[in-house]
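Colleague: Handing over my_file-v9.cif, mmCIF, C-alpha atoms.
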```
data_input
#
loop_
_atom_site.group_PDB
_atom_site.id
_atom_site.type_symbol
_atom_site.label_atom_id
_atom_site.label_comp_id
_atom_site.auth_asym_id
_atom_site.auth_seq_id
_atom_site.Cartn_x
_atom_site.Cartn_y
_atom_site.Cartn_z
ATOM 1 C CA MET O 1 0.000 0.000 0.000
ATOM 2 C CA ASN O 2 2.670 2.526 1.020
ATOM 3 C CA SER O 3 4.806 1.773 -2.038
ATOM 4 C CA THR O 4 1.818 2.451 -4.302
ATOM 5 C CA VAL O 5 1.126 5.776 -2.603
ATOM 6 C CA ASN O 6 4.776 6.757 -2.918
ATOM 7 C CA ILE O 7 4.745 5.919 -6.636
ATOM 8 C CA PHE O 8 1.829 8.267 -7.350
ATOM 9 C CA ASN O 9 3.323 10.994 -5.164
ATOM 10 C CA SER O 10 6.556 10.766 -7.137
ATOM 11 C CA ILE O 11 5.040 11.178 -10.631
ATOM 12 C CA LYS O 12 6.824 13.811 -12.711
ATOM 13 C CA THR O 13 4.785 16.132 -14.910
ATOM 14 C CA HIS O 14 5.603 18.839 -17.429
ATOM 15 C CA PRO O 15 3.877 22.035 -18.603
ATOM 16 C CA ILE O 16 1.554 21.388 -21.512
ATOM 17 C CA SER O 17 3.214 24.281 -23.348
ATOM 18 C CA LEU O 18 6.321 22.078 -23.766
ATOM 19 C CA ARG O 19 4.430 19.219 -25.381
ATOM 20 C CA LYS O 20 4.355 18.714 -29.135
ATOM 21 C CA ASN O 21 0.844 18.066 -30.413
ATOM 22 C CA LYS O 22 -0.321 16.379 -33.586
ATOM 23 C CA PHE O 23 -3.750 18.048 -33.805
ATOM 24 C CA HIS O 24 -4.409 21.794 -34.134
ATOM 25 C CA LEU O 25 -7.463 23.960 -34.724
ATOM 26 C CA GLU O 26 -6.670 24.293 -38.414
ATOM 27 C CA ASP O 27 -7.124 20.530 -38.717
ATOM 28 C CA MET O 28 -10.848 20.849 -37.987
ATOM 29 C CA ILE O 29 -13.189 20.280 -40.903
ATOM 30 C CA PRO O 30 -15.041 23.549 -41.676
ATOM 31 C CA ILE O 31 -18.813 23.313 -41.978
ATOM 32 C CA ASP O 32 -18.895 25.377 -45.168
ATOM 33 C CA ARG O 33 -16.773 22.975 -47.238
ATOM 34 C CA ILE O 34 -18.960 19.889 -47.296
ATOM 35 C CA CYS O 35 -19.404 18.042 -50.586
ATOM 36 C CA ILE O 36 -22.261 15.520 -50.571
ATOM 37 C CA LYS O 37 -21.608 12.263 -52.404
ATOM 38 C CA GLU O 38 -24.079 9.493 -53.030
ATOM 39 C CA ASP O 39 -24.090 6.991 -50.170
ATOM 40 C CA LYS O 40 -27.316 5.117 -49.571
ATOM 41 C CA LYS O 41 -26.465 3.981 -46.040
ATOM 42 C CA ILE O 42 -25.474 7.426 -44.807
ATOM 43 C CA GLU O 43 -28.496 8.966 -46.514
ATOM 44 C CA ARG O 44 -30.718 6.341 -44.864
ATOM 45 C CA LEU O 45 -29.268 7.205 -41.454
ATOM 46 C CA ALA O 46 -29.776 10.918 -42.111
ATOM 47 C CA ASN O 47 -33.418 10.254 -42.991
ATOM 48 C CA LYS O 48 -33.914 8.308 -39.759
ATOM 49 C CA ILE O 49 -32.333 11.142 -37.750
ATOM 50 C CA ASN O 50 -34.605 13.649 -39.473
ATOM 51 C CA ASP O 51 -37.619 11.460 -38.668
ATOM 52 C CA ALA O 52 -36.571 11.251 -35.020
ATOM 53 C CA LYS O 53 -36.123 15.017 -34.828
ATOM 54 C CA LYS O 54 -39.608 15.580 -36.247
ATOM 55 C CA SER O 55 -41.255 13.016 -33.968
ATOM 56 C CA GLY O 56 -39.423 14.048 -30.807
ATOM 57 C CA GLY O 57 -37.479 10.819 -30.424
ATOM 58 C CA PRO O 58 -34.031 11.039 -28.798
ATOM 59 C CA ILE O 59 -30.970 11.213 -31.044
ATOM 60 C CA ILE O 60 -27.970 9.777 -29.207
ATOM 61 C CA PHE O 61 -24.460 10.150 -30.586
ATOM 62 C CA MET O 62 -21.865 7.976 -28.800
ATOM 63 C CA ILE O 63 -18.314 8.904 -29.803
ATOM 64 C CA GLY O 64 -14.708 7.831 -29.332
ATOM 65 C CA GLY O 65 -11.529 9.902 -29.308
ATOM 66 C CA ALA O 66 -10.672 9.444 -32.983
ATOM 67 C CA VAL O 67 -13.760 11.463 -33.914
ATOM 68 C CA ILE O 68 -12.147 14.552 -32.369
ATOM 69 C CA LYS O 69 -8.690 13.820 -33.789
ATOM 70 C CA GLU O 70 -10.160 13.380 -37.267
ATOM 71 C CA GLY O 71 -11.346 16.997 -37.101
ATOM 72 C CA CYS O 72 -15.103 16.540 -36.683
ATOM 73 C CA SER O 73 -15.767 18.848 -33.710
ATOM 74 C CA LEU O 74 -17.250 21.760 -35.667
ATOM 75 C CA LEU O 75 -19.631 19.416 -37.481
ATOM 76 C CA LEU O 76 -20.832 17.869 -34.223
ATOM 77 C CA ILE O 77 -21.236 21.299 -32.656
ATOM 78 C CA ASP O 78 -23.424 22.501 -35.510
ATOM 79 C CA LEU O 79 -25.487 19.297 -35.417
ATOM 80 C CA LEU O 80 -26.216 19.645 -31.715
ATOM 81 C CA LYS O 81 -27.034 23.354 -32.105
ATOM 82 C CA LYS O 82 -29.560 22.448 -34.810
ATOM 83 C CA GLY O 83 -31.216 19.720 -32.754
ATOM 84 C CA PHE O 84 -29.792 16.721 -34.615
ATOM 85 C CA ILE O 85 -28.135 15.481 -31.396
ATOM 86 C CA THR O 86 -30.153 15.411 -28.180
ATOM 87 C CA HIS O 87 -27.755 13.313 -26.090
ATOM 88 C CA LEU O 88 -23.987 13.353 -26.600
ATOM 89 C CA ALA O 89 -22.232 10.408 -24.928
ATOM 90 C CA MET O 90 -18.482 9.833 -25.056
ATOM 91 C CA ASN O 91 -15.639 7.835 -23.609
ATOM 92 C CA GLY O 92 -12.984 9.443 -21.433
ATOM 93 C CA SER O 93 -10.506 10.092 -24.232
ATOM 94 C CA VAL O 94 -12.988 12.382 -25.981
ATOM 95 C CA SER O 95 -13.353 14.503 -22.851
ATOM 96 C CA ILE O 96 -9.576 14.870 -22.562
ATOM 97 C CA HIS O 97 -8.945 15.790 -26.204
ATOM 98 C CA ASP O 98 -11.877 18.197 -26.118
ATOM 99 C CA PHE O 99 -10.705 19.794 -22.861
ATOM 100 C CA GLU O 100 -7.223 20.354 -24.281
ATOM 101 C CA ILE O 101 -8.629 21.877 -27.462
ATOM 102 C CA ALA O 102 -10.662 24.313 -25.369
ATOM 103 C CA MET O 103 -7.617 25.128 -23.250
ATOM 104 C CA ILE O 104 -4.788 25.439 -25.814
ATOM 105 C CA GLY O 105 -6.333 24.825 -29.252
ATOM 106 C CA GLN O 106 -4.279 21.658 -29.668
ATOM 107 C CA THR O 107 -4.286 17.993 -28.557
ATOM 108 C CA SER O 108 -2.944 14.501 -29.336
ATOM 109 C CA GLU O 109 0.636 13.825 -28.311
ATOM 110 C CA ASP O 110 3.058 11.204 -29.641
ATOM 111 C CA VAL O 111 2.275 8.212 -27.434
ATOM 112 C CA GLN O 112 5.163 6.018 -28.529
ATOM 113 C CA ASP O 113 7.791 8.689 -27.918
ATOM 114 C CA GLY O 114 6.297 9.590 -24.546
ATOM 115 C CA LEU O 115 6.260 5.980 -23.432
ATOM 116 C CA VAL O 116 10.064 5.740 -23.593
ATOM 117 C CA ASP O 117 10.660 8.019 -20.595
ATOM 118 C CA GLY O 118 7.183 7.848 -19.074
ATOM 119 C CA SER O 119 6.220 11.384 -20.109
ATOM 120 C CA PHE O 120 3.151 10.249 -22.086
ATOM 121 C CA GLY O 121 0.006 11.813 -20.648
ATOM 122 C CA MET O 122 1.892 13.817 -18.028
ATOM 123 C CA ALA O 123 0.904 17.362 -19.013
ATOM 124 C CA GLU O 124 0.360 19.118 -15.685
ATOM 125 C CA GLU O 125 -2.578 21.321 -16.625
ATOM 126 C CA THR O 126 -4.636 18.532 -18.184
ATOM 127 C CA LEU O 127 -4.144 16.222 -15.210
ATOM 128 C CA VAL O 128 -4.713 18.737 -12.432
ATOM 129 C CA ASP O 129 -7.463 20.839 -14.015
ATOM 130 C CA MET O 130 -9.575 17.912 -15.232
ATOM 131 C CA ASN O 131 -9.269 16.003 -11.979
ATOM 132 C CA SER O 132 -10.182 19.177 -10.106
ATOM 133 C CA ALA O 133 -13.300 19.571 -12.264
ATOM 134 C CA ILE O 134 -14.352 15.964 -11.661
ATOM 135 C CA LYS O 135 -13.837 16.267 -7.900
ATOM 136 C CA SER O 136 -15.903 19.452 -7.922
ATOM 137 C CA GLY O 137 -18.656 17.599 -9.752
ATOM 138 C CA TYR O 138 -18.493 14.809 -7.167
ATOM 139 C CA ARG O 139 -18.921 17.260 -4.304
ATOM 140 C CA ARG O 140 -21.926 18.805 -6.032
ATOM 141 C CA GLY O 141 -23.509 15.490 -7.043
ATOM 142 C CA ILE O 142 -23.379 16.081 -10.809
ATOM 143 C CA GLY O 143 -22.039 14.010 -13.694
ATOM 144 C CA TYR O 144 -18.582 13.969 -15.249
ATOM 145 C CA GLY O 145 -19.707 15.546 -18.521
ATOM 146 C CA ARG O 146 -21.443 18.505 -16.947
ATOM 147 C CA ALA O 147 -18.616 18.992 -14.426
ATOM 148 C CA VAL O 148 -15.945 19.245 -17.130
ATOM 149 C CA ALA O 149 -18.118 21.446 -19.345
ATOM 150 C CA GLU O 150 -18.720 23.805 -16.431
ATOM 151 C CA ALA O 151 -14.968 23.933 -15.743
ATOM 152 C CA ILE O 152 -14.322 24.935 -19.358
ATOM 153 C CA LYS O 153 -16.851 27.734 -18.934
ATOM 154 C CA LYS O 154 -15.578 28.820 -15.512
ATOM 155 C CA ASN O 155 -11.954 28.922 -16.659
ATOM 156 C CA LYS O 156 -12.926 30.938 -19.740
ATOM 157 C CA PHE O 157 -10.663 28.853 -21.933
ATOM 158 C CA LYS O 158 -9.565 30.763 -25.005
ATOM 159 C CA TYR O 159 -10.762 28.140 -27.495
ATOM 160 C CA ARG O 160 -13.922 26.989 -25.695
ATOM 161 C CA GLU O 161 -16.120 27.708 -28.713
ATOM 162 C CA TYR O 162 -14.426 24.735 -30.418
ATOM 163 C CA SER O 163 -15.318 22.387 -27.542
ATOM 164 C CA VAL O 164 -18.159 19.893 -28.035
ATOM 165 C CA LEU O 165 -18.528 19.580 -24.253
ATOM 166 C CA TYR O 166 -18.908 23.317 -23.781
ATOM 167 C CA GLN O 167 -21.225 23.755 -26.753
ATOM 168 C CA ALA O 168 -23.432 20.816 -25.711
ATOM 169 C CA TYR O 169 -23.675 22.337 -22.235
ATOM 170 C CA LYS O 170 -24.579 25.753 -23.693
ATOM 171 C CA ALA O 171 -27.235 24.158 -25.922
ATOM 172 C CA ASN O 172 -28.712 22.210 -22.983
ATOM 173 C CA VAL O 173 -28.003 18.896 -24.716
ATOM 174 C CA SER O 174 -27.771 15.860 -22.422
ATOM 175 C CA LEU O 175 -24.096 15.140 -21.902
ATOM 176 C CA SER O 176 -22.456 12.005 -20.512
ATOM 177 C CA VAL O 177 -18.898 10.700 -20.181
ATOM 178 C CA HIS O 178 -18.257 7.008 -19.567
ATOM 179 C CA VAL O 179 -14.881 5.797 -18.328
ATOM 180 C CA ALA O 180 -12.982 2.701 -17.275
ATOM 181 C CA ILE O 181 -10.713 3.511 -14.336
ATOM 182 C CA GLY O 182 -7.096 3.317 -15.451
ATOM 183 C CA GLY O 183 -8.012 3.837 -19.078
ATOM 184 C CA ASP O 184 -7.323 7.564 -19.408
ATOM 185 C CA ILE O 185 -4.246 9.725 -18.872
ATOM 186 C CA ILE O 186 -5.834 11.766 -16.076
ATOM 187 C CA HIS O 187 -5.879 8.578 -13.975
ATOM 188 C CA GLN O 188 -2.060 8.572 -14.046
ATOM 189 C CA HIS O 189 -1.708 11.275 -11.397
ATOM 190 C CA GLY O 190 -2.077 11.701 -7.662
ATOM 191 C CA SER O 191 -4.731 14.390 -8.184
ATOM 192 C CA CYS O 192 -7.116 11.716 -9.493
ATOM 193 C CA ASP O 193 -9.804 10.668 -7.012
ATOM 194 C CA GLY O 194 -11.221 7.231 -7.826
ATOM 195 C CA ALA O 195 -14.369 7.845 -5.823
ATOM 196 C CA ALA O 196 -15.049 11.095 -7.691
ATOM 197 C CA LEU O 197 -14.290 9.478 -11.024
ATOM 198 C CA GLY O 198 -16.606 6.552 -10.367
ATOM 199 C CA ALA O 199 -19.437 8.592 -8.920
ATOM 200 C CA THR O 200 -19.526 11.226 -11.669
ATOM 201 C CA SER O 201 -19.304 8.673 -14.474
ATOM 202 C CA TYR O 202 -22.004 6.621 -12.781
ATOM 203 C CA GLU O 203 -24.260 9.688 -12.706
ATOM 204 C CA ASP O 204 -23.732 9.894 -16.453
ATOM 205 C CA PHE O 205 -24.516 6.192 -16.861
ATOM 206 C CA LYS O 206 -27.852 6.812 -15.148
ATOM 207 C CA LEU O 207 -28.424 9.809 -17.425
ATOM 208 C CA LEU O 208 -27.853 7.712 -20.560
ATOM 209 C CA THR O 209 -30.093 4.953 -19.203
ATOM 210 C CA GLY O 210 -32.839 7.504 -18.684
ATOM 211 C CA THR O 211 -32.526 8.640 -22.283
ATOM 212 C CA LEU O 212 -32.794 5.036 -23.487
ATOM 213 C CA THR O 213 -36.086 4.560 -21.657
ATOM 214 C CA GLU O 214 -37.464 7.028 -24.227
ATOM 215 C CA ILE O 215 -35.778 5.540 -27.311
ATOM 216 C CA ASP O 216 -39.064 4.839 -29.147
ATOM 217 C CA ARG O 217 -38.772 6.482 -32.615
ATOM 218 C CA GLY O 218 -35.236 7.528 -31.721
ATOM 219 C CA VAL O 219 -31.744 6.898 -33.099
ATOM 220 C CA VAL O 220 -28.498 5.694 -31.520
ATOM 221 C CA VAL O 221 -25.281 6.272 -33.476
ATOM 222 C CA ASN O 222 -21.957 4.855 -32.271
ATOM 223 C CA ILE O 223 -18.977 6.546 -33.918
ATOM 224 C CA GLY O 224 -15.457 5.358 -33.271
ATOM 225 C CA SER O 225 -15.848 3.645 -29.910
ATOM 226 C CA ALA O 226 -14.870 -0.007 -30.160
ATOM 227 C CA VAL O 227 -15.344 -1.057 -26.530
ATOM 228 C CA ILE O 228 -16.549 1.432 -23.907
ATOM 229 C CA MET O 229 -19.635 2.913 -25.550
ATOM 230 C CA PRO O 230 -20.975 -0.364 -27.019
ATOM 231 C CA GLU O 231 -20.698 -2.019 -23.599
ATOM 232 C CA VAL O 232 -22.233 0.931 -21.739
ATOM 233 C CA PHE O 233 -25.055 1.117 -24.287
ATOM 234 C CA LEU O 234 -25.798 -2.603 -23.870
ATOM 235 C CA LYS O 235 -26.111 -2.341 -20.094
ATOM 236 C CA ALA O 236 -28.137 0.869 -20.185
ATOM 237 C CA LEU O 237 -30.538 -0.588 -22.756
ATOM 238 C CA THR O 238 -30.893 -3.740 -20.635
ATOM 239 C CA ILE O 239 -31.896 -1.689 -17.592
ATOM 240 C CA ALA O 240 -34.434 0.269 -19.625
ATOM 241 C CA ARG O 241 -36.027 -2.949 -20.859
ATOM 242 C CA ASN O 242 -35.842 -4.580 -17.421
ATOM 243 C CA VAL O 243 -38.028 -1.858 -15.904
ATOM 244 C CA GLY O 244 -40.592 -2.059 -18.695
ATOM 245 C CA PHE O 245 -39.438 0.266 -21.495
ATOM 246 C CA ARG O 246 -39.275 -2.420 -24.190
ATOM 247 C CA HIS O 247 -39.320 -0.256 -27.289
ATOM 248 C CA ASN O 248 -38.559 -1.832 -30.660
ATOM 249 C CA ASN O 249 -39.214 1.106 -32.988
ATOM 250 C CA PHE O 250 -35.788 2.747 -33.117
ATOM 251 C CA THR O 251 -32.658 2.872 -35.271
ATOM 252 C CA VAL O 252 -29.096 1.909 -34.391
ATOM 253 C CA ALA O 253 -26.011 2.716 -36.450
ATOM 254 C CA ASN O 254 -22.291 2.118 -36.204
ATOM 255 C CA MET O 255 -19.700 4.229 -38.017
ATOM 256 C CA ASP O 256 -16.041 3.215 -37.868
ATOM 257 C CA PHE O 257 -12.888 2.389 -39.841
ATOM 258 C CA LEU O 258 -13.193 -1.343 -39.205
ATOM 259 C CA ASP O 259 -15.796 -3.963 -38.419
ATOM 260 C CA MET O 260 -15.330 -4.521 -34.667
ATOM 261 C CA TYR O 261 -16.944 -7.320 -32.647
ATOM 262 C CA ARG O 262 -18.528 -5.274 -29.847
ATOM 263 C CA PRO O 263 -20.066 -2.553 -32.017
ATOM 264 C CA ARG O 264 -21.321 -5.192 -34.438
ATOM 265 C CA THR O 265 -23.026 -7.243 -31.717
ATOM 266 C CA ARG O 266 -23.916 -4.723 -28.978
ATOM 267 C CA VAL O 267 -24.880 -1.797 -31.186
ATOM 268 C CA LEU O 268 -26.194 -3.507 -34.315
ATOM 269 C CA GLN O 269 -27.090 -7.210 -34.198
ATOM 270 C CA TRP O 270 -28.621 -7.572 -30.753
ATOM 271 C CA PRO O 271 -30.820 -4.432 -30.937
ATOM 272 C CA GLU O 272 -31.808 -5.524 -34.449
ATOM 273 C CA SER O 273 -33.087 -8.795 -32.974
ATOM 274 C CA LEU O 274 -35.423 -6.692 -30.822
ATOM 275 C CA GLY O 275 -36.901 -5.037 -33.906
ATOM 276 C CA ALA O 276 -34.585 -2.041 -34.334
ATOM 277 C CA GLU O 277 -33.286 -1.068 -37.762
ATOM 278 C CA ALA O 278 -29.499 -1.456 -37.915
ATOM 279 C CA ILE O 279 -27.185 0.484 -40.239
ATOM 280 C CA SER O 280 -23.468 -0.279 -40.577
ATOM 281 C CA ILE O 281 -21.272 2.398 -42.147
ATOM 282 C CA LYS O 282 -17.578 1.748 -42.745
ATOM 283 C CA GLY O 283 -15.104 4.531 -43.454
ATOM 284 C CA ARG O 284 -12.880 7.243 -42.018
ATOM 285 C CA HIS O 285 -14.643 9.669 -39.715
ATOM 286 C CA ASN O 286 -13.317 12.621 -41.705
ATOM 287 C CA THR O 287 -15.294 11.243 -44.654
ATOM 288 C CA THR O 288 -18.433 9.685 -43.162
ATOM 289 C CA ILE O 289 -19.297 12.394 -40.623
ATOM 290 C CA PRO O 290 -19.054 15.231 -43.169
ATOM 291 C CA GLN O 291 -21.261 13.155 -45.464
ATOM 292 C CA LEU O 292 -23.846 12.655 -42.721
ATOM 293 C CA TYR O 293 -23.648 16.362 -41.874
ATOM 294 C CA GLY O 294 -24.202 17.229 -45.521
ATOM 295 C CA PHE O 295 -27.347 15.101 -45.823
ATOM 296 C CA LEU O 296 -28.739 16.625 -42.613
ATOM 297 C CA CYS O 297 -27.788 20.269 -43.049
ATOM 298 C CA ALA O 298 -27.403 20.971 -46.782
#
```
Here is a file; write its structure as structure tokens.

Modeller:
Amino acid sequence: MNSTVNIFNSIKTHPISLRKNKFHLEDMIPIDRICIKEDKKIERLANKINDAKKSGGPIIFMIGGAVIKEGCSLLLIDLLKKGFITHLAMNGSVSIHDFEIAMIGQTSEDVQDGLVDGSFGMAEETLVDMNSAIKSGYRRGIGYGRAVAEAIKKNKFKYREYSVLYQAYKANVSLSVHVAIGGDIIHQHGSCDGAALGATSYEDFKLLTGTLTEIDRGVVVNIGSAVIMPEVFLKALTIARNVGFRHNNFTVANMDFLDMYRPRTRVLQWPESLGAEAISIKGRHNTTIPQLYGFLCA
């Protein structure tokens, strides 16, 4: 026990200003340069999202970190402002990349290089400020997503308008972050509080479950999360059905580079067996998300 405590107390960090980043604001896809190409699956998904918006069904986007690093933040922000996203769920990596974009306008370090000397993920401001936000949320009994979004607002980060967390919060869109303890860089530091992390993410799990109790005529889209979001979705949907909300009139979609086992089963095949319509879209996020945006907003 003591040796573990000493290890975390001895962690060395560095200012984020000294870190080289692979993603910058200019890498974001602008919303005014979208070229729509024929794609029947993406068009079908866009039609289902439009139908859900008209009927008042929830539209849940579940995203992984690559969505941010592929430059899709501005597209997501415009979609949620226009009512095409009513619940934005994400894994922990999304919250970290988004927080750093709001703070410095950059994110995404070189993991392999940083692993050599143990400097990967050790940017002081990201670790301390995000853990502080989560602990504040814990004390106030709110979820991880809202807590981090409020911290971005409170700190008046220079690039907050580019943050999906901040913009979802401003637009009063349901916001949830779902983490596995030990899976994100902010867990690598003594400022991390496991109780706060668990409690705030659990609040968000309950929030997503509540949304899924109303999924009739709605849409769930998983984009770029191969493990966390498919598993969280499966459990949340199970709870909703367990307490009597056994809807079968909804649409599920998965958008990713590859065909992954968990998204294919948890997001597509098993809900489809309940009566949901399932749509599988394969491609790079910097191609498929602009296409979906174009069909919805052109």

Colleague: Given the file above and the PyMOL selection byres ((chain O and resi 188) around 10), which residues are selected, and can you give them as a list in words?

Modeller: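 Checking the PyMOL selection byres ((chain O and resi 188) around 10) against this file, the residues are Phe8, Ile11, Phe120, Gly121, Met122, Leu127, Gly182, Gly183, Asp184, Ile185, Ile186, His187, His189, Gly190, Ser191 and Cys192 of chain O.
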
Colleague: Taking (-9.4, 26.3, -20.7) in the file's own coordinates, collect the residues within 12 Å, counting all atoms listed in the file, and hand them back as a ChimeraX atom specification.

Modeller: /O:96-106,125-126,129-130,133,148-163,165-166

Colleague: Any idea what the distance is between atom CA of Ala196 of chain O and atom CA of Ile134 of chain O?

Modeller: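 Interatomic distance here is 6.3 Å.
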
Colleague: Residues within 10 Å of Cys297 of chain O, please, as JSON, numbers by chain. Count only C-alpha atoms; anything in the same chain fewer than 2 positions from it doesn't count.

Modeller: {"O": [31, 34, 46, 75, 78, 79, 82, 84, 291, 292, 293, 294, 295]}

Colleague: Leaving out Ile29 of chain O and any residue of its chain fewer than 5 positions from it, which residues lie within 7 Å of it when counting all atoms listed in the file, given as a PyMOL selection string?

Modeller: chain O and resi 71-72+74

Colleague: Hey, could you make a per-residue contact list for segment 48-88 of chain O against segment 252-269 of chain O with 10 Å as the cut-off, showing the nearest pair of atoms and its distance in Å to one decimal, counting all atoms listed in the file, sorted by chain and number, as a Markdown table?

Modeller:
```
| residue | atom | partner | partner_atom | distance |
| --- | --- | --- | --- | --- |
| O:Lys48 | CA | O:Val252 | CA | 9.6 |
| O:Ile60 | CA | O:Val252 | CA | 9.5 |
| O:Phe61 | CA | O:Ala253 | CA | 9.6 |
| O:Met62 | CA | O:Asn254 | CA | 9.5 |
| O:Ile63 | CA | O:Met255 | CA | 9.6 |
| O:Gly64 | CA | O:Asp256 | CA | 9.8 |
| O:Ala66 | CA | O:Asp256 | CA | 9.6 |
| O:Val67 | CA | O:Asp256 | CA | 9.4 |
```

Colleague: For segment 198-204 of chain O, list every protein, DNA or RNA residue within 9 Å, evaluated using all atoms listed in the file, and leave out those in the same chain fewer than 6 positions away; present the list as a list in words.

Modeller: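 Non-adjacent residues within range: Ala89, Ile134, Lys135, Gly137, Tyr138, Gly141, Ile142, Gly143, Tyr144, Gly145, Arg146, Ala147, Leu175, Ser176, Val177, His178, Val179, Ala180 and Ile181 of chain O.
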
Colleague: Once 8 Å is added on each side, what are the centre and the three edge lengths, in Å to one decimal, of the axis-aligned box enclosing the listed atoms of segment 119-127 of chain O? Present them as lines of an AutoDock Vina configuration file.

Modeller:
```
center_x = 0.8
center_y = 15.8
center_z = -18.6
size_x = 26.9
size_y = 27.1
size_z = 22.9
```

Colleague: What's the separation between atom CA of Leu208 of chain O and atom CA of Thr287 of chain O, in Å to one decimal place?

Modeller: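 The value is 27.4 Å.
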
Colleague: Which distance in Å separates atom CA of Lys69 of chain O and atom CA of Lys40 of chain O, to one decimal?

Modeller: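 Taking atom CA of Lys69 of chain O and atom CA of Lys40 of chain O, their separation equals 25.9 Å.
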
Colleague: Could you check which of O:Lys170, O:Arg140, O:Lys22, O:Lys54 is closest to Lys81 of chain O, using only C-alpha atoms?

Modeller: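 The shortest atom-to-atom distance to Lys81 of chain O comes from O:Lys170.
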
Colleague: Please fill the gaps in segment 222-236 of chain O so it has N, CA and C atoms, and write that as an mmCIF file, in the frame of the given file.

Modeller:
```cif
data_model
loop_
_atom_site.group_PDB
_atom_site.id
_atom_site.type_symbol
_atom_site.label_atom_id
_atom_site.label_comp_id
_atom_site.auth_asym_id
_atom_site.auth_seq_id
_atom_site.Cartn_x
_atom_site.Cartn_y
_atom_site.Cartn_z
ATOM 1 N N ASN O 222 -23.275 5.037 -32.879
ATOM 2 C CA ASN O 222 -21.957 4.855 -32.271
ATOM 3 C C ASN O 222 -20.891 5.175 -33.311
ATOM 4 N N ILE O 223 -20.009 6.122 -32.969
ATOM 5 C CA ILE O 223 -18.977 6.546 -33.918
ATOM 6 C C ILE O 223 -17.612 6.439 -33.263
ATOM 7 N N GLY O 224 -16.855 5.430 -33.665
ATOM 8 C CA GLY O 224 -15.457 5.358 -33.271
ATOM 9 C C GLY O 224 -15.164 4.857 -31.873
ATOM 10 N N SER O 225 -16.135 4.269 -31.203
ATOM 11 C CA SER O 225 -15.848 3.645 -29.910
ATOM 12 C C SER O 225 -15.991 2.140 -30.068
ATOM 13 N N ALA O 226 -14.878 1.438 -29.907
ATOM 14 C CA ALA O 226 -14.870 -0.007 -30.160
ATOM 15 C C ALA O 226 -15.237 -0.833 -28.943
ATOM 16 N N VAL O 227 -15.115 -0.269 -27.737
ATOM 17 C CA VAL O 227 -15.344 -1.057 -26.530
ATOM 18 C C VAL O 227 -16.275 -0.346 -25.541
ATOM 19 N N ILE O 228 -15.838 0.805 -25.028
ATOM 20 C CA ILE O 228 -16.549 1.432 -23.907
ATOM 21 C C ILE O 228 -18.009 1.739 -24.229
ATOM 22 N N MET O 229 -18.263 2.501 -25.284
ATOM 23 C CA MET O 229 -19.635 2.913 -25.550
ATOM 24 C C MET O 229 -20.549 1.747 -25.943
ATOM 25 N N PRO O 230 -20.104 0.784 -26.766
ATOM 26 C CA PRO O 230 -20.975 -0.364 -27.019
ATOM 27 C C PRO O 230 -21.348 -1.123 -25.752
ATOM 28 N N GLU O 231 -20.398 -1.300 -24.836
ATOM 29 C CA GLU O 231 -20.698 -2.019 -23.599
ATOM 30 C C GLU O 231 -21.625 -1.216 -22.688
ATOM 31 N N VAL O 232 -21.372 0.080 -22.564
ATOM 32 C CA VAL O 232 -22.233 0.931 -21.739
ATOM 33 C C VAL O 232 -23.643 0.969 -22.311
ATOM 34 N N PHE O 233 -23.750 1.105 -23.619
ATOM 35 C CA PHE O 233 -25.055 1.117 -24.287
ATOM 36 C C PHE O 233 -25.825 -0.168 -24.002
ATOM 37 N N LEU O 234 -25.147 -1.315 -24.102
ATOM 38 C CA LEU O 234 -25.798 -2.603 -23.870
ATOM 39 C C LEU O 234 -26.392 -2.679 -22.463
ATOM 40 N N LYS O 235 -25.624 -2.267 -21.471
ATOM 41 C CA LYS O 235 -26.111 -2.341 -20.094
ATOM 42 C C LYS O 235 -27.236 -1.343 -19.835
ATOM 43 N N ALA O 236 -27.095 -0.143 -20.378
ATOM 44 C CA ALA O 236 -28.137 0.869 -20.185
ATOM 45 C C ALA O 236 -29.446 0.449 -20.850
#
```
